[in-house]
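Q: Below is the structure I would like to discuss, written out as structure tokens.
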Amino acid sequence: MFDPVPRPASGLAVRCSRALFSPWSRLSLLLVLLASAAVTVLLFEPQRLLSAGWPPQVSGFSAVALFAVAYGVCTAAFVPRPILNLAAGALFGSQAGLVAAVGGTVLGAGIAFGLGRLLGQDALRPLLRGRLLTAADGQLSRHGFRSMLAIRLFPGVPFAAANYCAAVSRMGWAPFLLATGIGSVPNTAAYVVAGSSAGSPTSPGFLVAMGFIVLSGLAAAVVGWRRRHRLRSA
């Protein structure tokens with residue numbers, strides 16, 4: 001008796017599997033996830049739950065850690081970080097609030113970076129044409145830590161946009177997360193201090209924090225304007 005000859009895999013099954021795991025299919029999945037997250041934020045407004053101290057039965061370090069996790073998920077779903085930073089300061093004070101906010105910032109950036117790298121990079125990299133896109137991609141790929149640190153220190157680029165742009169580039173995980181953690185501290189601290197002292201808007205801490213927020217915004221506008229012209233001439 002001869003052993004049965006194994007049949008080749010079905011051509012239709014192979015084509016379906018290739019289509020399912022193709023770069024464009026993964027990019028479509030990423031777009032669906034992002035759209036679903038944005039709709040969820042608009043409908044349920046999870047930032048209100050965080051600002052109210054949810055869940056109320058948790059306190060101490062557990063509350064700070066849980067807030068950081070929820071913060072990270074919310075930022076990945078496009079909840080504005082200033083709102084969450086103010087809530088962190090109001091709920092936990094300046095020190096613990098800063099720890100929760102920075103931890104949540106790094107976590108949210110890591111979630112967005114991972115989704116963009118896994119689902120979007122292969123489809124979007126061939127589309128990087130034009131001087132501005134090519135120059136920005138080269139800057140992020142070759143000088144990842146320095147470029148991301150500057151983006152985080154001068155918050156002119158939206159948080160989510162910076163995450164996904166970095167994911168499409170060839171920047172590594174370690175430079176991205178380290179630059180995010182270090183560069184987010186000053187601006188995050190200003191919002192957290194403002195939130196912790198919001199009950200006394202004439203206090204020195206609140207006035208200094210608001211002054212820093214305004215000055216950093218102006219500096220970001222100037223740096224962004226100069227960077228745009230420099231990229232055009234690159």
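Residue numbering restarts at 1 for every chain of the structure tokens, chains are lettered A, B, ... in their displayed order, and ligands are numbered from 1 as they appear.
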Within 9 Å of range 118-126 of chain A, counting only C-alpha atoms, which residues qualify if same-chain residues fewer than 4 places away don't, as a VMD selection string?
A: chain A and resid 22 to 31 113 to 114 164 167 to 169
Q: Apply DSSP to the backbone of this structure and, from range 28-230 of chain A, keep only the residues in helix (DSSP H, G or I); write these as number ranges by chain.
A: A: 28-44, 46-51, 61-76, 81-127, 131-142, 144-153, 159-168, 173-183, 185-196, 204-230
Q: Given only C-alpha atoms as the basis, pick out the residue of A:Gly156, A:Gly97, A:Pro80, A:Pro56 nearest to Ala38 in chain A.
A: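 Checking each candidate against Ala38 in chain A, we get A:Pro80 as the closest.
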Q: What does the distance between CA of Ile83 in chain A and CA of Ile213 in chain A come to in Å, to one decimal place?
A: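 Answer for the CA of Ile83 in chain A to CA of Ile213 in chain A separation: 13.4 Å.
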Q: Need to verify the contact set: Val99 in chain A, 8 Å, only C-alpha atoms, exclusion of same-chain residues closer than 4 positions in sequence. Can you return it as a list in words?
A: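 Neighbouring residues, sequence-local ones excluded: Val64, Gln95 and Gly103 of chain A.
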Q: Take the residues from that selection and put them in a file with N, CA, C and O atoms, as an mmCIF file, in the first residue's frame.
A:
```cif
data_model
loop_
_atom_site.group_PDB
_atom_site.id
_atom_site.type_symbol
_atom_site.label_atom_id
_atom_site.label_comp_id
_atom_site.auth_asym_id
_atom_site.auth_seq_id
_atom_site.Cartn_x
_atom_site.Cartn_y
_atom_site.Cartn_z
ATOM 1 N N VAL A 64 -3.832 55.494 42.586
ATOM 2 C CA VAL A 64 -2.896 56.152 41.666
ATOM 3 C C VAL A 64 -2.573 55.234 40.491
ATOM 4 O O VAL A 64 -2.562 55.662 39.321
ATOM 5 N N GLN A 95 2.323 65.800 43.754
ATOM 6 C CA GLN A 95 3.335 64.761 43.643
ATOM 7 C C GLN A 95 2.759 63.446 43.121
ATOM 8 O O GLN A 95 3.199 62.927 42.087
ATOM 9 N N GLY A 103 3.032 58.376 34.296
ATOM 10 C CA GLY A 103 2.903 56.938 34.037
ATOM 11 C C GLY A 103 1.825 56.650 32.999
ATOM 12 O O GLY A 103 2.019 55.832 32.093
#
```
Q: I want to know what sits within 7 Å of range 136-141 of chain A, based on only C-alpha atoms, with residues of the same chain fewer than 4 positions away left out; could you give that as a PyMOL selection string?
A: chain A and resi 132+147+166+169-171
Q: What does the distance between CA of Ala109 in chain A and CA of Asn163 in chain A come to in Å, to one decimal place?
A: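 CA of Asn163 in chain A lies at a distance of 6.0 Å from CA of Ala109 in chain A.
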Q: Just checking: using only C-alpha atoms, which residue out of A:Thr188, A:Thr105, A:Ser36, A:Ser200 ends up closest to Val69 in chain A?
A: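 The answer is A:Thr105, which sits nearest to Val69 in chain A.
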Q: Could you give me, as a list in words, the residues within 12 Å of Met210 in chain A, counting only C-alpha atoms and dropping anything in the same chain fewer than 2 positions from it?
A: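 Counting only the stated atoms, we get Leu86, Asn187, Thr188, Ala189, Ala190, Tyr191, Val192, Val193, Ala194, Gly195, Ser197, Ala198, Pro201, Thr202, Ser203, Pro204, Gly205, Phe206, Leu207, Val208, Phe212, Ile213, Val214, Leu215, Ser216 and Gly217 of chain A.
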Q: Give the answer as one residue: which of A:Leu177, A:Ala77, A:Ala161, A:Ala96 has the shortest atom-to-atom distance to Gly110 in chain A, using only C-alpha atoms?
A: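 Using only C-alpha atoms, the shortest distance to Gly110 in chain A belongs to A:Leu177.
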Q: Rounded to one decimal, what separation in Å do you get between CA of Ile182 in chain A and CA of Leu149 in chain A?
A: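 CA of Ile182 in chain A sits 7.3 Å away from CA of Leu149 in chain A.
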